[in-house]
Amino acid sequence: PPLFAMIAETSFEINTEMQRFQQELKHFSDTVVTSINKLGSECRSMLEQNGEIRKKLENREAQLQFKLVDKTKALSALQSRVKDLEVQRTKLEANSKSIPDDIANMKMKSEKIREDLQKLEAEIESAKRIEETDTKSVREQCELFRKRTGMEIMKLDHGAIQINFQQIDKEKPEKLFSFQIKLDADRKYVVPMCNPSIQNLDKYLEELNNPGNEKKVGIFAWFIQKMRREFQKYVTEMKKGIEEEEAKARSNVSYIL
């Protein structure tokens, strides 16, 4: 009937329109999803770029901060240097006012030094003449002492010195009395040779190596003097012993006769 045909035709048109609408809706939906995905990708890319830019900006800011600190320190040091220079300039200006007076004082001091130098040169020249005279006198006295005492000092190869005496025995003034003296490994004086032997040598060596405060000055000369006296004492005792032996021999001869 015409009504069913109209309904069927209307239903067909509705279905056709529904299919077309669904297709358009699907196409729109796909387009929207694609657009959203593209927009999301662009947003993510922009965010990543913004992050890199932010890092670069932060690094640049840190570098500028370091440079600012360095520049601040340099400026502070420069300001301090300027203050020091100002102080020095003030001192120089104050000192420059006294330069003429200082020059005059220096001239006076230089003249005084020149006069003192001339006096010193004259004193040195006089001292040289006196020294030459005294040296000649000392040499003459030493030579006279050597002749009277017969003392002679010899330096030996092994670090020792040998001291020889003559004029000890009045009957034989040319007879030689001598001893050697040196320092051992402990920096102590020892006498490896003494001719003739004397009795008090160990005692004198002990005092030589351990002098009291009153004997520290001239202790070696004291030792030499003691050794010479001991040699003289030796000669005296030897002569006394010979005289006693001779007297004893004469007494024995008289007894026999």
# chains A, B, ... in the order shown; residues from 1 in each chain; ligands from 1
call {"tool": "residues_around", "arguments": {"residues": "range 148-160 of chain A", "least_positions_apart": "2", "cutoff": "12 Å", "atoms": "only C-alpha atoms", "output": "PyMOL selection string"}}
result
chain A and resi 141-146+162-170+173-185+189-193+224-225+227-229+231-232
call {"tool": "atom_distance", "arguments": {"atom1": "CA of Arg187 in chain A", "atom2": "CA of Leu205 in chain A"}}
result
12.7 Å
